[in-house]
$ cat data_39.cif   # mmCIF, all heavy atoms
data_entry
loop_
_atom_site.label_atom_id
_atom_site.label_comp_id
_atom_site.auth_asym_id
_atom_site.auth_seq_id
_atom_site.Cartn_x
_atom_site.Cartn_y
_atom_site.Cartn_z
N MET A 25 -14.31 13.01 -3.79
CA MET A 25 -13.85 11.89 -4.56
C MET A 25 -15.03 11.00 -4.95
O MET A 25 -15.08 10.53 -6.07
CB MET A 25 -12.84 11.08 -3.75
CG MET A 25 -12.23 9.97 -4.55
SD MET A 25 -10.92 9.14 -3.69
CE MET A 25 -11.87 7.87 -2.88
N ARG A 26 -15.97 10.80 -4.07
CA ARG A 26 -17.13 9.97 -4.42
C ARG A 26 -17.91 10.56 -5.58
O ARG A 26 -18.38 9.84 -6.43
CB ARG A 26 -18.05 9.82 -3.21
CG ARG A 26 -17.53 8.87 -2.19
CD ARG A 26 -18.52 8.67 -1.10
NE ARG A 26 -17.91 7.94 -0.02
CZ ARG A 26 -18.37 7.88 1.20
NH1 ARG A 26 -19.46 8.52 1.52
NH2 ARG A 26 -17.75 7.19 2.11
N GLU A 27 -18.02 11.88 -5.57
CA GLU A 27 -18.80 12.53 -6.62
C GLU A 27 -18.11 12.43 -7.97
O GLU A 27 -18.76 12.20 -8.98
CB GLU A 27 -19.06 13.99 -6.26
CG GLU A 27 -20.00 14.13 -5.09
CD GLU A 27 -20.23 15.58 -4.70
OE1 GLU A 27 -19.85 16.47 -5.47
OE2 GLU A 27 -20.76 15.79 -3.62
N GLN A 28 -16.79 12.60 -8.02
CA GLN A 28 -16.10 12.58 -9.29
C GLN A 28 -15.64 11.18 -9.67
O GLN A 28 -15.24 10.94 -10.79
CB GLN A 28 -14.93 13.55 -9.32
CG GLN A 28 -13.76 13.18 -8.45
CD GLN A 28 -12.70 14.26 -8.46
OE1 GLN A 28 -13.01 15.44 -8.38
NE2 GLN A 28 -11.46 13.85 -8.55
N LYS A 29 -15.70 10.21 -8.74
CA LYS A 29 -15.33 8.82 -8.98
C LYS A 29 -13.95 8.68 -9.60
O LYS A 29 -13.73 7.91 -10.53
CB LYS A 29 -16.38 8.12 -9.83
CG LYS A 29 -17.77 8.20 -9.23
CD LYS A 29 -18.59 7.03 -9.58
CE LYS A 29 -20.01 7.17 -9.10
NZ LYS A 29 -20.23 7.05 -7.74
N SER A 30 -13.02 9.46 -9.10
CA SER A 30 -11.67 9.48 -9.63
C SER A 30 -10.72 10.02 -8.57
O SER A 30 -11.13 10.71 -7.65
CB SER A 30 -11.65 10.37 -10.86
OG SER A 30 -10.37 10.79 -11.18
N PHE A 31 -9.44 9.70 -8.74
CA PHE A 31 -8.41 10.26 -7.87
C PHE A 31 -7.75 11.46 -8.52
O PHE A 31 -6.80 12.02 -7.99
CB PHE A 31 -7.35 9.21 -7.55
CG PHE A 31 -7.85 8.13 -6.64
CD1 PHE A 31 -8.13 6.87 -7.12
CD2 PHE A 31 -8.04 8.37 -5.30
CE1 PHE A 31 -8.59 5.87 -6.30
CE2 PHE A 31 -8.51 7.39 -4.45
CZ PHE A 31 -8.79 6.13 -4.95
N GLU A 32 -8.23 11.87 -9.69
CA GLU A 32 -7.65 12.99 -10.41
C GLU A 32 -7.72 14.26 -9.56
O GLU A 32 -8.75 14.60 -8.99
CB GLU A 32 -8.39 13.22 -11.71
CG GLU A 32 -7.75 14.27 -12.59
CD GLU A 32 -8.46 14.39 -13.93
OE1 GLU A 32 -9.01 13.40 -14.41
OE2 GLU A 32 -8.44 15.50 -14.47
N GLY A 33 -6.59 14.92 -9.45
CA GLY A 33 -6.53 16.16 -8.69
C GLY A 33 -6.33 15.97 -7.20
O GLY A 33 -6.23 16.94 -6.46
N ILE A 34 -6.26 14.73 -6.76
CA ILE A 34 -6.06 14.45 -5.34
C ILE A 34 -4.58 14.12 -5.12
O ILE A 34 -4.02 13.29 -5.83
CB ILE A 34 -6.94 13.28 -4.87
CG1 ILE A 34 -8.42 13.65 -5.03
CG2 ILE A 34 -6.61 12.90 -3.44
CD1 ILE A 34 -9.36 12.52 -4.72
N SER A 35 -3.97 14.77 -4.17
CA SER A 35 -2.57 14.47 -3.88
C SER A 35 -2.49 13.78 -2.53
O SER A 35 -3.29 14.02 -1.64
CB SER A 35 -1.72 15.74 -3.88
OG SER A 35 -2.11 16.58 -2.84
N TYR A 36 -1.51 12.90 -2.41
CA TYR A 36 -1.30 12.20 -1.15
C TYR A 36 0.17 11.83 -1.06
O TYR A 36 0.89 11.79 -2.06
CB TYR A 36 -2.18 10.96 -1.04
CG TYR A 36 -2.07 10.04 -2.23
CD1 TYR A 36 -1.14 9.03 -2.26
CD2 TYR A 36 -2.91 10.20 -3.33
CE1 TYR A 36 -1.02 8.19 -3.35
CE2 TYR A 36 -2.80 9.36 -4.43
CZ TYR A 36 -1.86 8.37 -4.43
OH TYR A 36 -1.75 7.55 -5.52
N ASP A 37 0.60 11.52 0.13
CA ASP A 37 1.98 11.15 0.40
C ASP A 37 2.12 9.64 0.27
O ASP A 37 1.65 8.89 1.12
CB ASP A 37 2.34 11.61 1.80
CG ASP A 37 3.72 11.16 2.24
OD1 ASP A 37 4.58 10.93 1.37
OD2 ASP A 37 3.93 11.05 3.46
N LEU A 38 2.73 9.18 -0.81
CA LEU A 38 2.86 7.75 -1.06
C LEU A 38 3.68 7.08 0.04
O LEU A 38 3.35 5.98 0.48
CB LEU A 38 3.49 7.50 -2.42
CG LEU A 38 3.57 6.05 -2.87
CD1 LEU A 38 2.22 5.38 -2.88
CD2 LEU A 38 4.21 5.96 -4.24
N GLY A 39 4.73 7.73 0.49
CA GLY A 39 5.54 7.16 1.57
C GLY A 39 4.72 6.96 2.83
O GLY A 39 4.83 5.93 3.49
N GLY A 40 3.90 7.92 3.16
CA GLY A 40 3.04 7.80 4.33
C GLY A 40 2.01 6.70 4.18
O GLY A 40 1.74 5.94 5.12
N LEU A 41 1.46 6.60 2.99
CA LEU A 41 0.46 5.57 2.71
C LEU A 41 1.08 4.17 2.85
O LEU A 41 0.51 3.28 3.48
CB LEU A 41 -0.11 5.76 1.31
CG LEU A 41 -1.17 4.78 0.87
CD1 LEU A 41 -2.42 4.92 1.71
CD2 LEU A 41 -1.49 5.00 -0.60
N LEU A 42 2.26 3.99 2.26
CA LEU A 42 2.94 2.70 2.36
C LEU A 42 3.35 2.41 3.81
O LEU A 42 3.28 1.26 4.25
CB LEU A 42 4.16 2.67 1.45
CG LEU A 42 3.84 2.66 -0.05
CD1 LEU A 42 5.13 2.76 -0.86
CD2 LEU A 42 3.06 1.44 -0.44
N GLY A 43 3.77 3.44 4.52
CA GLY A 43 4.11 3.27 5.93
C GLY A 43 2.93 2.80 6.75
O GLY A 43 3.06 1.91 7.60
N GLN A 44 1.77 3.36 6.49
CA GLN A 44 0.55 2.95 7.21
C GLN A 44 0.17 1.52 6.86
O GLN A 44 -0.25 0.75 7.73
CB GLN A 44 -0.60 3.89 6.90
CG GLN A 44 -0.46 5.25 7.54
CD GLN A 44 -1.59 6.18 7.16
OE1 GLN A 44 -2.47 5.85 6.37
NE2 GLN A 44 -1.58 7.37 7.74
N ALA A 45 0.34 1.16 5.60
CA ALA A 45 0.03 -0.20 5.18
C ALA A 45 0.97 -1.19 5.85
O ALA A 45 0.54 -2.25 6.33
CB ALA A 45 0.11 -0.32 3.66
N MET A 46 2.27 -0.86 5.90
CA MET A 46 3.24 -1.74 6.57
C MET A 46 2.92 -1.85 8.06
O MET A 46 2.99 -2.94 8.63
CB MET A 46 4.66 -1.21 6.37
CG MET A 46 5.24 -1.49 5.01
SD MET A 46 5.50 -3.25 4.67
CE MET A 46 6.84 -3.61 5.79
N GLU A 47 2.58 -0.74 8.67
CA GLU A 47 2.22 -0.76 10.10
C GLU A 47 1.05 -1.70 10.34
O GLU A 47 1.05 -2.49 11.28
CB GLU A 47 1.89 0.65 10.57
CG GLU A 47 1.54 0.71 12.03
CD GLU A 47 1.21 2.13 12.49
OE1 GLU A 47 1.69 3.09 11.86
OE2 GLU A 47 0.47 2.27 13.48
N GLU A 48 0.04 -1.60 9.50
CA GLU A 48 -1.14 -2.46 9.64
C GLU A 48 -0.75 -3.94 9.52
O GLU A 48 -1.15 -4.76 10.35
CB GLU A 48 -2.17 -2.11 8.57
CG GLU A 48 -3.37 -3.02 8.53
CD GLU A 48 -4.28 -2.94 9.74
OE1 GLU A 48 -4.35 -1.87 10.39
OE2 GLU A 48 -4.93 -3.96 10.06
N LEU A 49 0.03 -4.26 8.51
CA LEU A 49 0.40 -5.66 8.29
C LEU A 49 1.33 -6.20 9.37
O LEU A 49 1.13 -7.32 9.87
CB LEU A 49 1.05 -5.81 6.91
CG LEU A 49 0.14 -5.58 5.72
CD1 LEU A 49 0.94 -5.57 4.43
CD2 LEU A 49 -0.96 -6.62 5.66
N VAL A 50 2.35 -5.42 9.73
CA VAL A 50 3.37 -5.91 10.66
C VAL A 50 2.92 -5.82 12.11
O VAL A 50 2.95 -6.81 12.85
CB VAL A 50 4.70 -5.14 10.45
CG1 VAL A 50 5.74 -5.52 11.49
CG2 VAL A 50 5.25 -5.41 9.04
N GLU A 51 2.50 -4.66 12.53
CA GLU A 51 2.19 -4.46 13.95
C GLU A 51 0.81 -4.96 14.35
O GLU A 51 0.64 -5.49 15.44
CB GLU A 51 2.35 -2.98 14.31
CG GLU A 51 3.79 -2.51 14.18
CD GLU A 51 3.98 -1.05 14.54
OE1 GLU A 51 3.09 -0.46 15.17
OE2 GLU A 51 5.03 -0.50 14.18
N ARG A 52 -0.15 -4.78 13.51
CA ARG A 52 -1.52 -5.14 13.90
C ARG A 52 -1.90 -6.55 13.49
O ARG A 52 -2.69 -7.20 14.16
CB ARG A 52 -2.51 -4.14 13.33
CG ARG A 52 -2.29 -2.76 13.92
CD ARG A 52 -3.42 -1.83 13.61
NE ARG A 52 -3.14 -0.52 14.16
CZ ARG A 52 -3.13 0.59 13.45
NH1 ARG A 52 -3.42 0.57 12.17
NH2 ARG A 52 -2.86 1.74 14.02
N ARG A 53 -1.36 -7.01 12.37
CA ARG A 53 -1.73 -8.35 11.89
C ARG A 53 -0.65 -9.39 12.14
O ARG A 53 -0.85 -10.56 11.86
CB ARG A 53 -2.10 -8.30 10.41
CG ARG A 53 -3.32 -7.45 10.18
CD ARG A 53 -3.80 -7.55 8.78
NE ARG A 53 -4.93 -6.65 8.58
CZ ARG A 53 -5.73 -6.74 7.55
NH1 ARG A 53 -5.55 -7.67 6.64
NH2 ARG A 53 -6.74 -5.90 7.43
N GLY A 54 0.52 -8.95 12.60
CA GLY A 54 1.58 -9.87 12.99
C GLY A 54 2.30 -10.55 11.83
O GLY A 54 2.90 -11.61 12.00
N ILE A 55 2.28 -9.94 10.67
CA ILE A 55 2.99 -10.49 9.52
C ILE A 55 4.43 -10.01 9.56
O ILE A 55 4.70 -8.85 9.83
CB ILE A 55 2.29 -10.06 8.21
CG1 ILE A 55 0.86 -10.59 8.18
CG2 ILE A 55 3.08 -10.52 6.98
CD1 ILE A 55 0.03 -10.08 7.04
N ALA A 56 5.36 -10.91 9.29
CA ALA A 56 6.77 -10.55 9.30
C ALA A 56 7.04 -9.48 8.24
O ALA A 56 6.44 -9.50 7.17
CB ALA A 56 7.64 -11.78 9.06
N GLN A 57 7.95 -8.57 8.55
CA GLN A 57 8.21 -7.43 7.67
C GLN A 57 8.58 -7.83 6.23
O GLN A 57 8.06 -7.24 5.29
CB GLN A 57 9.26 -6.52 8.28
CG GLN A 57 9.38 -5.20 7.54
CD GLN A 57 10.27 -4.22 8.27
OE1 GLN A 57 11.00 -4.57 9.18
NE2 GLN A 57 10.20 -2.98 7.87
N PRO A 58 9.46 -8.81 6.03
CA PRO A 58 9.79 -9.17 4.64
C PRO A 58 8.58 -9.66 3.84
O PRO A 58 8.41 -9.31 2.69
CB PRO A 58 10.84 -10.29 4.79
CG PRO A 58 11.42 -10.06 6.14
CD PRO A 58 10.31 -9.53 6.98
N GLN A 59 7.73 -10.45 4.49
CA GLN A 59 6.54 -10.94 3.81
C GLN A 59 5.55 -9.81 3.54
O GLN A 59 4.91 -9.76 2.49
CB GLN A 59 5.85 -12.05 4.62
CG GLN A 59 6.60 -13.36 4.60
CD GLN A 59 7.76 -13.39 5.59
OE1 GLN A 59 7.88 -12.54 6.47
NE2 GLN A 59 8.62 -14.38 5.46
N ALA A 60 5.42 -8.89 4.49
CA ALA A 60 4.52 -7.75 4.31
C ALA A 60 5.00 -6.87 3.15
O ALA A 60 4.20 -6.42 2.33
CB ALA A 60 4.44 -6.93 5.60
N ARG A 61 6.31 -6.66 3.08
CA ARG A 61 6.88 -5.85 2.00
C ARG A 61 6.61 -6.50 0.64
O ARG A 61 6.18 -5.85 -0.30
CB ARG A 61 8.38 -5.67 2.23
CG ARG A 61 9.05 -4.80 1.20
CD ARG A 61 10.54 -4.65 1.51
NE ARG A 61 11.18 -3.77 0.57
CZ ARG A 61 11.66 -4.15 -0.61
NH1 ARG A 61 11.58 -5.42 -0.97
NH2 ARG A 61 12.22 -3.29 -1.42
N ARG A 62 6.87 -7.81 0.56
CA ARG A 62 6.62 -8.51 -0.71
C ARG A 62 5.15 -8.44 -1.09
O ARG A 62 4.82 -8.25 -2.27
CB ARG A 62 7.07 -9.97 -0.59
CG ARG A 62 8.55 -10.15 -0.78
CD ARG A 62 8.93 -11.60 -1.02
NE ARG A 62 8.57 -12.49 0.08
CZ ARG A 62 9.38 -12.77 1.10
NH1 ARG A 62 10.59 -12.23 1.16
NH2 ARG A 62 8.99 -13.59 2.04
N ALA A 63 4.27 -8.61 -0.13
CA ALA A 63 2.83 -8.56 -0.42
C ALA A 63 2.42 -7.19 -0.94
O ALA A 63 1.65 -7.10 -1.91
CB ALA A 63 2.03 -8.91 0.84
N LEU A 64 2.93 -6.13 -0.32
CA LEU A 64 2.59 -4.77 -0.78
C LEU A 64 3.12 -4.52 -2.19
O LEU A 64 2.40 -3.99 -3.05
CB LEU A 64 3.16 -3.72 0.17
CG LEU A 64 2.38 -3.48 1.44
CD1 LEU A 64 3.13 -2.48 2.32
CD2 LEU A 64 0.99 -2.98 1.16
N LEU A 65 4.37 -4.88 -2.43
CA LEU A 65 4.94 -4.67 -3.75
C LEU A 65 4.19 -5.46 -4.82
O LEU A 65 3.93 -4.96 -5.91
CB LEU A 65 6.42 -5.05 -3.75
CG LEU A 65 7.34 -4.14 -2.94
CD1 LEU A 65 8.76 -4.70 -2.94
CD2 LEU A 65 7.31 -2.73 -3.46
N GLN A 66 3.81 -6.68 -4.48
CA GLN A 66 3.06 -7.49 -5.43
C GLN A 66 1.68 -6.87 -5.70
O GLN A 66 1.25 -6.77 -6.84
CB GLN A 66 2.89 -8.91 -4.90
CG GLN A 66 2.18 -9.82 -5.87
CD GLN A 66 2.09 -11.24 -5.36
OE1 GLN A 66 2.40 -11.52 -4.19
NE2 GLN A 66 1.69 -12.15 -6.22
N ARG A 67 1.01 -6.46 -4.65
CA ARG A 67 -0.33 -5.87 -4.80
C ARG A 67 -0.29 -4.60 -5.64
O ARG A 67 -1.21 -4.34 -6.41
CB ARG A 67 -0.89 -5.57 -3.41
CG ARG A 67 -2.25 -4.97 -3.39
CD ARG A 67 -3.27 -5.99 -3.78
NE ARG A 67 -4.59 -5.40 -3.60
CZ ARG A 67 -5.67 -5.85 -4.19
NH1 ARG A 67 -5.61 -6.92 -4.94
NH2 ARG A 67 -6.82 -5.27 -4.01
N LEU A 68 0.79 -3.83 -5.52
CA LEU A 68 0.93 -2.59 -6.28
C LEU A 68 1.52 -2.83 -7.68
O LEU A 68 1.65 -1.91 -8.47
CB LEU A 68 1.83 -1.62 -5.51
CG LEU A 68 1.24 -1.09 -4.21
CD1 LEU A 68 2.29 -0.33 -3.44
CD2 LEU A 68 0.02 -0.25 -4.48
N GLY A 69 1.88 -4.07 -7.96
CA GLY A 69 2.45 -4.39 -9.26
C GLY A 69 3.87 -3.90 -9.41
O GLY A 69 4.32 -3.62 -10.52
N LEU A 70 4.58 -3.78 -8.30
CA LEU A 70 5.94 -3.26 -8.31
C LEU A 70 6.99 -4.33 -8.07
O LEU A 70 8.16 -4.03 -7.91
CB LEU A 70 6.09 -2.17 -7.25
CG LEU A 70 5.19 -0.96 -7.41
CD1 LEU A 70 5.33 -0.03 -6.21
CD2 LEU A 70 5.49 -0.23 -8.70
N ASN A 71 6.58 -5.59 -8.07
CA ASN A 71 7.55 -6.65 -7.81
C ASN A 71 8.36 -6.93 -9.07
O ASN A 71 7.86 -6.89 -10.17
CB ASN A 71 6.87 -7.92 -7.29
CG ASN A 71 5.77 -8.40 -8.21
OD1 ASN A 71 5.18 -7.61 -8.93
ND2 ASN A 71 5.49 -9.67 -8.20
N ARG A 72 9.63 -7.20 -8.85
CA ARG A 72 10.54 -7.48 -9.97
C ARG A 72 10.58 -8.99 -10.18
O ARG A 72 10.71 -9.75 -9.25
CB ARG A 72 11.94 -7.00 -9.66
CG ARG A 72 12.04 -5.52 -9.51
CD ARG A 72 13.48 -5.16 -9.31
NE ARG A 72 13.58 -3.84 -8.70
CZ ARG A 72 14.72 -3.27 -8.39
NH1 ARG A 72 15.84 -3.90 -8.61
NH2 ARG A 72 14.74 -2.09 -7.84
N GLN A 73 10.52 -9.37 -11.42
CA GLN A 73 10.66 -10.77 -11.76
C GLN A 73 11.88 -10.94 -12.63
O GLN A 73 12.01 -10.29 -13.66
CB GLN A 73 9.42 -11.28 -12.48
CG GLN A 73 8.18 -11.21 -11.61
CD GLN A 73 6.95 -11.73 -12.32
OE1 GLN A 73 7.02 -12.11 -13.47
NE2 GLN A 73 5.84 -11.72 -11.63
N ALA A 74 12.79 -11.78 -12.18
CA ALA A 74 14.05 -11.98 -12.92
C ALA A 74 13.85 -12.96 -14.06
O ALA A 74 13.01 -13.75 -14.11
CB ALA A 74 15.13 -12.46 -11.97
#

$ encode --input "data_39.cif" --output "structure tokens"
Amino acid sequence: MREQKSFEGISYDLGGLLGQAMEELVERRGIAQPQARRALLQRLGLNRQA
């Protein structure tokens, strides 16, 4: 990946990645689950605005 400077052709499990991020925020950093979820969705640009 460093050599090609791209994620093209690389596959990963998005569910696993999000699970690890939630684990880091909730269990290791002590952030409440609802706030951690909102932060992840916002960071990924997936938050809904009514």

$ atom_distance --input "data_39.cif" --atom1 "CA of Leu41 in chain A" --atom2 "CB of Leu64 in chain A"
10.0 Å

$ atom_distance --input "data_39.cif" --atom1 "CA of Ile34 in chain A" --atom2 "CA of Val50 in chain A"
27.6 Å

$ atom_distance --input "data_39.cif" --atom1 "CA of Ala45 in chain A" --atom2 "CB of Ala60 in chain A"
8.1 Å

$ select_by_dssp --input "data_39.cif" --residues "chain A" --states "helix (DSSP H, G or I)" --output "list in words"
Leu38, Gly39, Gly40, Leu41, Leu42, Gly43, Gln44, Ala45, Met46, Glu47, Glu48, Leu49, Val50, Glu51, Arg52, Gln57, Pro58, Gln59, Ala60, Arg61, Arg62, Ala63, Leu64, Leu65, Gln66 and Arg67 of chain A

$ axis_aligned_box --input "data_39.cif" --around "range 28-35 of chain A" --padding-each-side "4 Å" --output "JSON"
{"center_x": -11.0, "center_y": 11.4, "center_z": -8.1, "size_x": 26.5, "size_y": 19.1, "size_z": 20.8}

$ closest_residue --input "data_39.cif" --among "A:Ser30, A:Gly40, A:Met46, A:Ser35" --to "Arg61 in chain A" --atoms "all atoms listed in the file"
A:Met46

$ decode --input "data_39.cif" --residues "chain A" --atoms "C-alpha atoms" --output "compact mmCIF listing (two decimals), in the first residue's frame"
# COMPACT_ATOMS: atom_id res chain seq x y z
CA MET A 25 0.00 0.00 0.00
CA ARG A 26 2.81 2.44 0.75
CA GLU A 27 4.33 1.84 -2.64
CA GLN A 28 1.13 2.33 -4.61
CA LYS A 29 -0.21 5.08 -2.29
CA SER A 30 -3.74 3.83 -2.77
CA PHE A 31 -6.28 1.43 -1.32
CA GLU A 32 -7.12 0.16 -4.81
CA GLY A 33 -7.20 -3.61 -4.90
CA ILE A 34 -7.16 -3.93 -1.12
CA SER A 35 -10.13 -5.61 0.49
CA TYR A 36 -11.10 -5.40 4.13
CA ASP A 37 -14.05 -6.18 6.36
CA LEU A 38 -15.85 -2.89 7.02
CA GLY A 39 -17.87 -4.41 9.85
CA GLY A 40 -14.71 -5.57 11.56
CA LEU A 41 -13.05 -2.22 11.07
CA LEU A 42 -16.01 -0.36 12.56
CA GLY A 43 -16.17 -2.87 15.41
CA GLN A 44 -12.52 -2.23 16.25
CA ALA A 45 -13.08 1.52 16.14
CA MET A 46 -16.08 1.23 18.47
CA GLU A 47 -14.09 -0.99 20.82
CA GLU A 48 -11.30 1.58 20.95
CA LEU A 49 -13.67 4.46 21.66
CA VAL A 50 -15.98 2.71 24.13
CA GLU A 51 -13.80 0.24 26.01
CA ARG A 52 -10.40 1.87 25.91
CA ARG A 53 -11.26 5.56 25.87
CA GLY A 54 -14.43 5.38 27.97
CA ILE A 55 -16.72 7.17 25.53
CA ALA A 56 -20.39 6.26 25.81
CA GLN A 57 -21.59 4.06 22.95
CA PRO A 58 -24.14 6.51 21.49
CA GLN A 59 -21.56 9.29 21.35
CA ALA A 60 -18.94 6.96 19.87
CA ARG A 61 -21.40 5.84 17.19
CA ARG A 62 -22.29 9.42 16.28
CA ALA A 63 -18.61 10.38 16.11
CA LEU A 64 -17.78 7.47 13.79
CA LEU A 65 -20.72 8.16 11.50
CA GLN A 66 -19.84 11.83 11.35
CA ARG A 67 -16.16 11.12 10.65
CA LEU A 68 -17.13 8.76 7.82
CA GLY A 69 -19.62 11.26 6.43
CA LEU A 70 -22.51 8.89 7.02
CA ASN A 71 -24.54 11.02 9.41
CA ARG A 72 -28.06 11.91 8.37
CA GLN A 73 -29.20 15.48 8.59
CA ALA A 74 -32.93 16.10 8.63
